[in-house]
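Structure file target-v9.cif; described as mmCIF, C-alpha atoms and all ligand atoms.
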```cif
data_start
#
loop_
_atom_site.group_PDB
_atom_site.id
_atom_site.type_symbol
_atom_site.label_atom_id
_atom_site.label_comp_id
_atom_site.auth_asym_id
_atom_site.auth_seq_id
_atom_site.Cartn_x
_atom_site.Cartn_y
_atom_site.Cartn_z
ATOM 1 C CA MET X 759 0.000 0.000 0.000
ATOM 2 C CA SER X 760 1.144 3.531 -0.660
ATOM 3 C CA ILE X 761 2.428 5.962 1.938
ATOM 4 C CA LEU X 762 2.367 9.684 1.310
ATOM 5 C CA ILE X 763 4.791 11.631 3.471
ATOM 6 C CA VAL X 764 5.029 15.351 4.008
ATOM 7 C CA GLY X 765 7.676 16.897 6.208
ATOM 8 C CA SER X 766 10.940 18.744 6.177
ATOM 9 C CA LEU X 767 13.891 18.020 3.914
ATOM 10 C CA ALA X 768 16.845 19.630 5.595
ATOM 11 C CA PHE X 769 20.520 20.172 6.068
ATOM 12 C CA ASP X 770 21.517 19.666 9.671
ATOM 13 C CA ASP X 771 24.521 20.655 11.772
ATOM 14 C CA ILE X 772 24.741 18.138 14.591
ATOM 15 C CA GLU X 773 26.996 18.095 17.631
ATOM 16 C CA THR X 774 27.115 15.168 20.049
ATOM 17 C CA PRO X 775 29.637 14.361 22.805
ATOM 18 C CA PHE X 776 31.186 11.913 20.312
ATOM 19 C CA GLY X 777 31.592 14.071 17.261
ATOM 20 C CA SER X 778 29.910 16.448 14.905
ATOM 21 C CA SER X 779 28.555 16.501 11.419
ATOM 22 C CA LEU X 780 27.956 19.619 9.343
ATOM 23 C CA ASN X 781 25.569 20.167 6.481
ATOM 24 C CA THR X 782 24.312 16.631 6.603
ATOM 25 C CA LEU X 783 21.125 15.539 4.827
ATOM 26 C CA GLY X 784 18.248 15.330 7.290
ATOM 27 C CA GLY X 785 14.713 16.521 7.797
ATOM 28 C CA SER X 786 11.699 14.719 9.169
ATOM 29 C CA SER X 787 10.426 13.409 5.837
ATOM 30 C CA THR X 788 13.858 12.191 4.745
ATOM 31 C CA TYR X 789 14.102 9.932 7.796
ATOM 32 C CA ILE X 790 10.470 8.779 7.584
ATOM 33 C CA ALA X 791 10.771 7.984 3.875
ATOM 34 C CA LEU X 792 14.052 6.088 4.164
ATOM 35 C CA SER X 793 12.760 4.089 7.105
ATOM 36 C CA SER X 794 9.385 3.179 5.571
ATOM 37 C CA SER X 795 10.962 2.342 2.197
ATOM 38 C CA TYR X 796 12.041 -1.061 3.557
ATOM 39 C CA PHE X 797 8.404 -2.068 4.059
ATOM 40 C CA THR X 798 6.720 -0.856 0.866
ATOM 41 C CA ASP X 799 7.949 0.316 -2.524
ATOM 42 C CA LYS X 800 5.255 2.972 -2.804
ATOM 43 C CA VAL X 801 6.663 5.831 -0.754
ATOM 44 C CA GLN X 802 5.757 9.277 -2.038
ATOM 45 C CA LEU X 803 7.237 12.524 -0.760
ATOM 46 C CA VAL X 804 5.762 16.020 -0.740
ATOM 47 C CA GLY X 805 8.074 18.836 0.309
ATOM 48 C CA VAL X 806 10.255 21.705 -0.771
ATOM 49 C CA VAL X 807 14.008 22.204 -1.184
ATOM 50 C CA GLY X 808 16.284 24.987 -2.361
ATOM 51 C CA SER X 809 18.953 25.185 -5.037
ATOM 52 C CA ASP X 810 21.519 23.742 -2.610
ATOM 53 C CA PHE X 811 19.696 20.383 -2.702
ATOM 54 C CA GLU X 812 21.849 18.505 -5.185
ATOM 55 C CA ASP X 813 21.304 15.565 -7.517
ATOM 56 C CA LYS X 814 23.177 13.291 -5.132
ATOM 57 C CA HIS X 815 20.548 13.984 -2.474
ATOM 58 C CA PHE X 816 17.735 13.058 -4.881
ATOM 59 C CA GLN X 817 19.738 10.000 -5.935
ATOM 60 C CA LEU X 818 19.965 8.803 -2.356
ATOM 61 C CA LEU X 819 16.155 8.909 -2.103
ATOM 62 C CA HIS X 820 15.777 7.232 -5.509
ATOM 63 C CA SER X 821 18.193 4.491 -4.467
ATOM 64 C CA ARG X 822 15.505 3.465 -1.965
ATOM 65 C CA ASN X 823 12.785 3.690 -4.612
ATOM 66 C CA ILE X 824 11.258 6.814 -3.038
ATOM 67 C CA ASP X 825 9.067 8.835 -5.384
ATOM 68 C CA THR X 826 10.218 12.472 -5.289
ATOM 69 C CA LYS X 827 7.845 13.972 -7.888
ATOM 70 C CA GLY X 828 6.094 15.823 -5.070
ATOM 71 C CA ILE X 829 9.268 17.669 -4.031
ATOM 72 C CA LYS X 830 9.386 21.223 -5.303
ATOM 73 C CA LYS X 831 12.784 22.756 -5.961
ATOM 74 C CA VAL X 832 12.906 26.539 -5.495
ATOM 75 C CA GLU X 833 15.884 27.749 -7.524
ATOM 76 C CA ASP X 834 16.257 31.093 -5.749
ATOM 77 C CA GLY X 835 15.909 29.742 -2.209
ATOM 78 C CA LYS X 836 17.808 27.705 0.358
ATOM 79 C CA THR X 837 16.792 24.379 1.892
ATOM 80 C CA PHE X 838 15.491 24.306 5.500
ATOM 81 C CA ARG X 839 18.353 24.202 8.025
ATOM 82 C CA TRP X 840 18.510 22.977 11.595
ATOM 83 C CA ALA X 841 21.333 22.821 14.123
ATOM 84 C CA GLY X 842 21.300 20.929 17.413
ATOM 85 C CA ARG X 843 23.611 19.943 20.230
ATOM 86 C CA TYR X 844 23.134 16.832 22.363
ATOM 87 C CA HIS X 845 23.892 16.690 26.066
ATOM 88 C CA TYR X 846 26.124 14.092 27.658
ATOM 89 C CA ASP X 847 23.284 11.574 28.177
ATOM 90 C CA MET X 848 22.213 11.949 24.499
ATOM 91 C CA ASN X 849 18.596 11.977 25.639
ATOM 92 C CA THR X 850 18.234 15.735 25.675
ATOM 93 C CA ARG X 851 19.324 18.297 23.128
ATOM 94 C CA ASP X 852 19.282 22.008 22.501
ATOM 95 C CA THR X 853 18.162 23.437 19.208
ATOM 96 C CA LEU X 854 20.830 25.971 18.267
ATOM 97 C CA ASP X 855 19.279 27.236 15.060
ATOM 98 C CA THR X 856 16.194 26.779 12.858
ATOM 99 C CA GLN X 857 16.075 28.454 9.444
ATOM 100 C CA LEU X 858 12.799 27.834 7.649
ATOM 101 C CA ASN X 859 14.135 29.216 4.321
ATOM 102 C CA VAL X 860 12.035 27.778 1.456
ATOM 103 C CA PHE X 861 9.506 26.446 3.984
ATOM 104 C CA ALA X 862 8.541 29.989 4.945
ATOM 105 C CA ASP X 863 6.370 30.469 1.810
ATOM 106 C CA PHE X 864 5.730 26.884 0.886
ATOM 107 C CA ASP X 865 2.254 26.111 -0.437
ATOM 108 C CA PRO X 866 2.201 22.322 -0.773
ATOM 109 C CA HIS X 867 0.744 20.801 -3.892
ATOM 110 C CA VAL X 868 -0.059 17.097 -3.814
ATOM 111 C CA PRO X 869 0.395 15.598 -7.311
ATOM 112 C CA VAL X 870 -2.816 14.056 -8.695
ATOM 113 C CA GLN X 871 -1.260 10.584 -8.737
ATOM 114 C CA TYR X 872 -0.612 10.790 -4.946
ATOM 115 C CA ARG X 873 -4.130 11.784 -3.926
ATOM 116 C CA ASP X 874 -5.428 8.259 -3.402
ATOM 117 C CA ALA X 875 -2.665 7.398 -0.937
ATOM 118 C CA GLU X 876 -3.941 4.957 1.692
ATOM 119 C CA PHE X 877 -1.488 5.914 4.405
ATOM 120 C CA VAL X 878 -0.548 9.493 5.144
ATOM 121 C CA CYS X 879 2.311 10.494 7.397
ATOM 122 C CA LEU X 880 2.380 14.140 8.418
ATOM 123 C CA GLY X 881 5.993 14.539 9.483
ATOM 124 C CA ASN X 882 7.247 17.310 11.713
ATOM 125 C CA ILE X 883 6.510 20.517 9.829
ATOM 126 C CA ASP X 884 4.310 23.610 10.227
ATOM 127 C CA PRO X 885 0.857 22.242 11.238
ATOM 128 C CA GLU X 886 -0.810 24.580 8.734
ATOM 129 C CA LEU X 887 1.108 22.863 5.952
ATOM 130 C CA GLN X 888 0.156 19.461 7.368
ATOM 131 C CA LEU X 889 -3.495 20.486 7.104
ATOM 132 C CA LYS X 890 -3.103 21.823 3.563
ATOM 133 C CA VAL X 891 -1.723 18.466 2.489
ATOM 134 C CA LEU X 892 -4.533 16.577 4.208
ATOM 135 C CA ASP X 893 -7.103 18.741 2.417
ATOM 136 C CA GLN X 894 -5.813 17.482 -0.944
ATOM 137 C CA ILE X 895 -6.016 13.764 -0.194
ATOM 138 C CA ASN X 896 -9.105 11.792 -1.132
ATOM 139 C CA LYS X 897 -9.890 9.237 1.536
ATOM 140 C CA PRO X 898 -6.868 8.037 3.468
ATOM 141 C CA LYS X 899 -7.153 4.820 5.446
ATOM 142 C CA LEU X 900 -4.886 6.137 8.174
ATOM 143 C CA VAL X 901 -3.384 9.516 9.073
ATOM 144 C CA ILE X 902 -0.331 9.586 11.317
ATOM 145 C CA CYS X 903 1.148 12.822 12.611
ATOM 146 C CA ASP X 904 4.373 13.860 14.305
ATOM 147 C CA THR X 905 5.416 17.284 15.591
ATOM 148 C CA MET X 906 7.898 18.980 17.916
ATOM 149 C CA ASN X 907 8.127 21.687 20.595
ATOM 150 C CA PHE X 908 8.900 24.344 17.975
ATOM 151 C CA TRP X 909 5.327 23.985 16.597
ATOM 152 C CA ILE X 910 3.589 23.099 19.899
ATOM 153 C CA GLU X 911 4.812 26.373 21.324
ATOM 154 C CA GLY X 912 4.762 28.395 18.090
ATOM 155 C CA LYS X 913 1.435 27.317 16.542
ATOM 156 C CA PRO X 914 -0.648 25.566 19.222
ATOM 157 C CA GLU X 915 -4.072 26.455 17.778
ATOM 158 C CA GLU X 916 -3.123 25.379 14.249
ATOM 159 C CA LEU X 917 -1.718 22.131 15.649
ATOM 160 C CA LYS X 918 -4.960 21.414 17.507
ATOM 161 C CA LYS X 919 -6.903 21.855 14.238
ATOM 162 C CA THR X 920 -4.641 19.341 12.536
ATOM 163 C CA LEU X 921 -4.988 16.903 15.427
ATOM 164 C CA GLU X 922 -8.770 16.777 15.005
ATOM 165 C CA ARG X 923 -8.126 14.949 11.716
ATOM 166 C CA VAL X 924 -5.357 12.625 12.855
ATOM 167 C CA ASP X 925 -5.762 8.918 13.730
ATOM 168 C CA ILE X 926 -2.381 8.271 15.321
ATOM 169 C CA PHE X 927 -0.255 10.967 16.904
ATOM 170 C CA ILE X 928 3.421 10.417 17.703
ATOM 171 C CA ILE X 929 5.137 12.743 20.145
ATOM 172 C CA ASN X 930 7.953 12.601 22.677
ATOM 173 C CA ASP X 931 7.514 12.741 26.439
ATOM 174 C CA SER X 932 8.574 16.347 27.015
ATOM 175 C CA GLU X 933 6.395 17.513 24.106
ATOM 176 C CA ALA X 934 3.414 15.567 25.501
ATOM 177 C CA ARG X 935 3.817 17.385 28.822
ATOM 178 C CA ILE X 936 3.925 20.792 27.121
ATOM 179 C CA LEU X 937 0.956 20.096 24.844
ATOM 180 C CA SER X 938 -1.257 18.663 27.596
ATOM 181 C CA GLY X 939 -0.110 21.031 30.361
ATOM 182 C CA ASP X 940 0.184 18.024 32.692
ATOM 183 C CA PRO X 941 3.460 16.488 33.944
ATOM 184 C CA ASN X 942 2.002 12.975 34.257
ATOM 185 C CA LEU X 943 2.275 11.010 31.004
ATOM 186 C CA VAL X 944 -0.829 8.851 31.527
ATOM 187 C CA LYS X 945 -2.951 11.931 32.197
ATOM 188 C CA SER X 946 -1.252 13.724 29.297
ATOM 189 C CA ALA X 947 -2.188 10.830 27.036
ATOM 190 C CA ARG X 948 -5.847 11.121 28.030
ATOM 191 C CA ILE X 949 -5.855 14.880 27.444
ATOM 192 C CA ILE X 950 -4.140 14.605 24.055
ATOM 193 C CA ARG X 951 -6.352 11.737 22.877
ATOM 194 C CA ASN X 952 -9.329 13.960 23.646
ATOM 195 C CA MET X 953 -7.945 16.463 21.117
ATOM 196 C CA GLY X 954 -8.658 14.004 18.276
ATOM 197 C CA PRO X 955 -6.198 11.165 17.748
ATOM 198 C CA LYS X 956 -7.654 7.888 19.035
ATOM 199 C CA THR X 957 -4.194 6.389 19.223
ATOM 200 C CA LEU X 958 -1.187 8.073 20.770
ATOM 201 C CA ILE X 959 2.447 7.044 20.897
ATOM 202 C CA ILE X 960 4.705 8.732 23.420
ATOM 203 C CA LYS X 961 8.408 8.246 22.654
ATOM 204 C CA LYS X 962 10.765 8.296 25.601
ATOM 205 C CA GLY X 963 14.151 8.280 23.892
ATOM 206 C CA GLU X 964 16.434 5.627 25.333
ATOM 207 C CA HIS X 965 13.563 4.475 27.586
ATOM 208 C CA GLY X 966 11.377 3.215 24.750
ATOM 209 C CA ALA X 967 7.851 4.095 23.719
ATOM 210 C CA LEU X 968 4.290 3.863 25.044
ATOM 211 C CA LEU X 969 1.297 3.111 22.833
ATOM 212 C CA PHE X 970 -2.107 4.298 24.095
ATOM 213 C CA THR X 971 -5.234 2.900 22.409
ATOM 214 C CA ASP X 972 -8.833 2.214 23.434
ATOM 215 C CA ASN X 973 -7.627 -1.237 24.472
ATOM 216 C CA GLY X 974 -5.003 -0.083 26.940
ATOM 217 C CA ILE X 975 -1.308 0.702 27.085
ATOM 218 C CA PHE X 976 1.555 -1.184 25.422
ATOM 219 C CA ALA X 977 5.134 -0.482 26.468
ATOM 220 C CA ALA X 978 8.121 -1.184 24.233
ATOM 221 C CA PRO X 979 11.719 -0.873 25.388
ATOM 222 C CA ALA X 980 14.421 0.851 23.397
ATOM 223 C CA PHE X 981 17.130 -1.484 22.179
ATOM 224 C CA PRO X 982 20.071 -1.514 24.607
ATOM 225 C CA LEU X 983 22.988 -0.416 22.422
ATOM 226 C CA GLU X 984 26.608 0.034 23.410
ATOM 227 C CA SER X 985 27.363 2.729 20.909
ATOM 228 C CA ILE X 986 24.985 5.556 20.188
ATOM 229 C CA TYR X 987 26.456 8.219 17.934
ATOM 230 C CA ASP X 988 23.635 10.489 16.896
ATOM 231 C CA PRO X 989 19.969 10.383 17.978
ATOM 232 C CA THR X 990 18.904 12.891 15.284
ATOM 233 C CA GLY X 991 15.992 11.566 13.290
ATOM 234 C CA ALA X 992 15.367 8.617 15.613
ATOM 235 C CA GLY X 993 11.793 9.783 16.229
ATOM 236 C CA ASP X 994 11.070 10.159 12.515
ATOM 237 C CA THR X 995 12.735 6.853 11.760
ATOM 238 C CA PHE X 996 10.485 5.299 14.403
ATOM 239 C CA ALA X 997 7.441 6.799 12.657
ATOM 240 C CA GLY X 998 8.668 5.442 9.301
ATOM 241 C CA GLY X 999 9.057 1.904 10.624
ATOM 242 C CA PHE X 1000 5.717 2.120 12.401
ATOM 243 C CA ILE X 1001 3.703 3.273 9.373
ATOM 244 C CA GLY X 1002 5.799 1.072 7.083
ATOM 245 C CA HIS X 1003 4.800 -2.074 8.933
ATOM 246 C CA LEU X 1004 1.101 -1.094 8.940
ATOM 247 C CA ALA X 1005 1.204 -0.341 5.206
ATOM 248 C CA ARG X 1006 2.949 -3.650 4.535
ATOM 249 C CA CYS X 1007 0.403 -5.762 6.399
ATOM 250 C CA GLY X 1008 -2.572 -3.606 5.399
ATOM 251 C CA SER X 1009 -4.529 -4.140 8.615
ATOM 252 C CA ILE X 1010 -4.747 -1.726 11.478
ATOM 253 C CA ASN X 1011 -5.613 -3.526 14.686
ATOM 254 C CA ASP X 1012 -4.135 -3.615 18.161
ATOM 255 C CA ILE X 1013 -1.821 -6.566 17.495
ATOM 256 C CA GLU X 1014 -0.388 -5.064 14.319
ATOM 257 C CA MET X 1015 -0.010 -1.687 16.020
ATOM 258 C CA ARG X 1016 2.004 -3.324 18.798
ATOM 259 C CA ARG X 1017 4.178 -5.057 16.197
ATOM 260 C CA ALA X 1018 4.495 -1.731 14.374
ATOM 261 C CA VAL X 1019 5.817 -0.124 17.574
ATOM 262 C CA LEU X 1020 8.530 -2.790 17.709
ATOM 263 C CA TYR X 1021 9.410 -2.290 14.025
ATOM 264 C CA GLY X 1022 9.567 1.459 14.641
ATOM 265 C CA SER X 1023 11.836 0.894 17.620
ATOM 266 C CA ALA X 1024 14.024 -1.480 15.602
ATOM 267 C CA MET X 1025 14.449 1.106 12.844
ATOM 268 C CA ALA X 1026 15.201 3.864 15.371
ATOM 269 C CA SER X 1027 17.863 1.678 16.987
ATOM 270 C CA PHE X 1028 19.683 1.479 13.641
ATOM 271 C CA CYS X 1029 19.362 5.212 13.066
ATOM 272 C CA VAL X 1030 21.306 6.207 16.184
ATOM 273 C CA GLU X 1031 24.251 3.938 15.381
ATOM 274 C CA LYS X 1032 25.685 6.357 12.797
ATOM 275 C CA PHE X 1033 25.494 10.089 12.085
ATOM 276 C CA GLY X 1034 22.569 11.416 10.053
ATOM 277 C CA THR X 1035 20.883 9.060 7.594
ATOM 278 C CA GLU X 1036 24.009 6.991 6.915
ATOM 279 C CA LYS X 1037 22.839 3.826 8.607
ATOM 280 C CA ILE X 1038 19.178 3.807 7.648
ATOM 281 C CA ALA X 1039 19.980 4.440 4.004
ATOM 282 C CA ALA X 1040 21.915 1.173 3.786
ATOM 283 C CA LEU X 1041 20.050 -1.588 5.616
ATOM 284 C CA ASP X 1042 18.523 -4.805 4.397
ATOM 285 C CA MET X 1043 15.299 -6.490 5.430
ATOM 286 C CA LEU X 1044 17.130 -9.432 6.975
ATOM 287 C CA GLU X 1045 18.873 -7.298 9.598
ATOM 288 C CA ILE X 1046 15.620 -5.457 10.256
ATOM 289 C CA GLU X 1047 13.732 -8.728 10.906
ATOM 290 C CA ASP X 1048 16.628 -9.905 13.020
ATOM 291 C CA ARG X 1049 16.489 -6.856 15.247
ATOM 292 C CA PHE X 1050 12.703 -7.110 15.454
ATOM 293 C CA GLN X 1051 13.157 -10.655 16.825
ATOM 294 C CA SER X 1052 15.792 -9.413 19.295
ATOM 295 C CA PHE X 1053 13.262 -6.858 20.479
ATOM 296 C CA ARG X 1054 10.678 -9.528 21.145
ATOM 297 C CA GLU X 1055 13.259 -11.514 23.099
ATOM 298 C CA LEU X 1056 14.050 -8.505 25.304
ATOM 299 C CA SER X 1057 10.950 -8.808 27.453
ATOM 300 C CA ARG X 1058 10.126 -12.512 27.051
ATOM 301 C CA ILE X 1059 10.128 -14.823 30.043
ATOM 302 C CA ASP X 1060 10.203 -18.555 29.416
ATOM 303 C CA GLU X 1061 8.404 -20.515 32.126
HETATM 304 P P1 LIG B 1 13.992 14.157 15.390
HETATM 305 O O1 LIG B 1 15.374 13.909 15.928
HETATM 306 O O2 LIG B 1 13.229 12.895 15.108
HETATM 307 O O3 LIG B 1 13.233 15.153 16.178
HETATM 308 O O4 LIG B 1 14.163 14.812 13.927
HETATM 309 C C1 LIG B 1 15.220 15.648 13.613
HETATM 310 C C2 LIG B 1 14.993 16.220 12.229
HETATM 311 O O5 LIG B 1 13.908 17.159 12.299
HETATM 312 C C3 LIG B 1 16.217 16.961 11.763
HETATM 313 O O6 LIG B 1 16.760 16.307 10.625
HETATM 314 C C4 LIG B 1 15.725 18.373 11.439
HETATM 315 O O7 LIG B 1 16.135 18.815 10.183
HETATM 316 C C5 LIG B 1 14.210 18.294 11.505
HETATM 317 N N1 LIG B 1 13.633 19.463 12.187
HETATM 318 C C6 LIG B 1 14.119 20.118 13.264
HETATM 319 N N2 LIG B 1 13.327 21.156 13.623
HETATM 320 C C7 LIG B 1 12.289 21.155 12.734
HETATM 321 C C8 LIG B 1 11.134 21.983 12.558
HETATM 322 N N3 LIG B 1 10.883 23.022 13.375
HETATM 323 N N4 LIG B 1 10.289 21.698 11.545
HETATM 324 C C9 LIG B 1 10.540 20.662 10.725
HETATM 325 N N5 LIG B 1 11.618 19.838 10.836
HETATM 326 C C10 LIG B 1 12.494 20.081 11.816
#
```
Written form, structure tokens:
Amino acid sequence: MSILIVGSLAFDDIETPFGSSLNTLGGSSTYIALSSSYFTDKVQLVGVVGSDFEDKHFQLLHSRNIDTKGIKKVEDGKTFRWAGRYHYDMNTRDTLDTQLNVFADFDPHVPVQYRDAEFVCLGNIDPELQLKVLDQINKPKLVICDTMNFWIEGKPEELKKTLERVDIFIINDSEARILSGDPNLVKSARIIRNMGPKTLIIKKGEHGALLFTDNGIFAAPAFPLESIYDPTGAGDTFAGGFIGHLARCGSINDIEMRRAVLYGSAMASFCVEKFGTEKIAALDMLEIEDRFQSFRELSRIDE
């Protein structure tokens, strides 16, 4: 089944206690697309880039069979830029710089051939743009949405409008607390689910993720890794694996959503092992299935 993704395409400057990487390809939709491309060959991207987005960047996306016809290139503009610095525990980071550039006046246009997409992933981007994309899609089977503090604090009312039309919302723990106004995550989940999304996933970095549905709460660990180099994009990569699995199996029920959380976590665990998109651009399905199995083993008790 097809997945339509909208989100940022970016160049990032990343600093971690273990190194740094300048001008590296990133952006929410880049990570989501690369991650979901292992599960379906119908991944379609809608976004905008500037003249500094080179052929080699398009080629990387094409190498994973990602359809880029929905990416607009603005010749007299610059691609979105983000800079961040991670703290010693790698679980928290400071945003040093956000330059919207071509995103500032972006008016997304969904190509006609994308409008019947069954799965829609609204990656982290201005919530007004997320809504504009949604307005152009015919009858999606499932709408998943991600965001970050920049938009929760900057455009809360617009975000709430988007959330009314979202089925599954993915957010991290600190963002959930800000959006709900409550420090307790279980209460936050109830408050946020009342804003629209019936299903909520709260990501907790190296402590895993919580899935809240009508049927209860499912907790997944994060994979215990010895070397973590760069957590950038882990959340988006999680979303890509999550929606990728659902699109691959075609059914959306509690069991498959729980499996999808483990696939998302497996993909995120690969992402952090190298800087930027390096690792998730070069995986194969065998290692993904292998890590998925390792995840299941993590919390299994044999009687
Ligand atoms: P994550 O680590 O999952 O939060 O995603 C990091 C990616 O989000 C980076 O590659 C950034 O380019 C992108 N990003 C950061 N801030 C924003 C923003 N305000 N809007 C859209 N994308 C952003």
For this session: With a distance cut-off of 8 Å and all atoms listed in the file, select the neighbouring residues of Asn823 of chain X, excluding the residue or stretch itself and same-chain residues fewer than 2 positions from it, and output the selection as a ChimeraX atom specification.
Result: /X:795,799-801,819-821,825
For this session: List the neighbours of segment 957-965 of chain X out to 6 Å using all atoms listed in the file; skip same-chain residues closer than 5 positions along the sequence, and give me the result as a ChimeraX atom specification.
Result: /X:926-931,970-971,980
For this session: Please evaluate the PyMOL selection byres (((not hetatm)) within 6 of (chain B and resi 1)) against the structure above and give the resulting residues as a list in words.
Result: Ser766, Ala768, Asp770, Gly784, Gly785, Ser786, Trp840, Asn882, Ile883, Phe908, Thr990, Gly991, Ala992, Gly993 and Asp994 of chain X
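Atom to atom, atom CA of Asn896 of chain X and atom CA of Tyr872 of chain X stand 9.4 Å apart.
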Enclosing box along x, y and z for every listed atom of segment 914-919 of chain X, padded 6 Å each side, centre and size in Å, one decimal, as JSON:
```
{"center_x": -3.8, "center_y": 23.9, "center_z": 16.7, "size_x": 18.3, "size_y": 17.0, "size_z": 17.0}
```
For this session: Decode the PyMOL selection byres (((chain X and resi 775-777) around 12) and not hetatm) for the given file into explicit residues and return them as a VMD selection string.
Result: chain X and resid 771 to 774 778 to 780 842 to 851 985 to 989 1031 to 1034
Problem set entry | Closest of X:Val806, X:Leu1056, X:Ile790, X:Met1025 to Cys903 of chain X - atom-to-atom distances counting only C-alpha atoms |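 Using only C-alpha atoms, the shortest distance to Cys903 of chain X belongs to X:Ile790.
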Exercise. Which residues come within 9 Å of Ser1057 of chain X, counting only C-alpha atoms, excluding same-chain residues fewer than 3 positions away, as a PyMOL selection string?
Worked result: chain X and resi 978-979+1053-1054
Seminar exercise, completed: Among X:Met953, X:Val901, X:Leu792, X:Val764, Lys919 of chain X is approached most closely, using only C-alpha atoms, by X:Met953
Exercise. If you count all atoms listed in the file, which residues fall within 9 Å of Pro885 of chain X, apart from same-chain ones fewer than 4 positions away, as a ChimeraX atom specification?
Worked result: /X:880,889-890,905,909,913-914,916-921
For this session: Name the residues, using the chain letters and numbers of the file, that sit within 9 Å of (4.6, 18.8, 2.6) when counting all atoms listed in the file, and give them as a ChimeraX atom specification.
Result: /X:763-766,787,803-806,828-829,864-868,880-881,883,887-888,890-891
Seminar exercise, completed: Min atom-atom distance to Leu1041 of chain X from the set X:Ser760, X:Ser793, X:Thr788, X:Gln857, counting all atoms listed in the file, belongs to X:Ser793
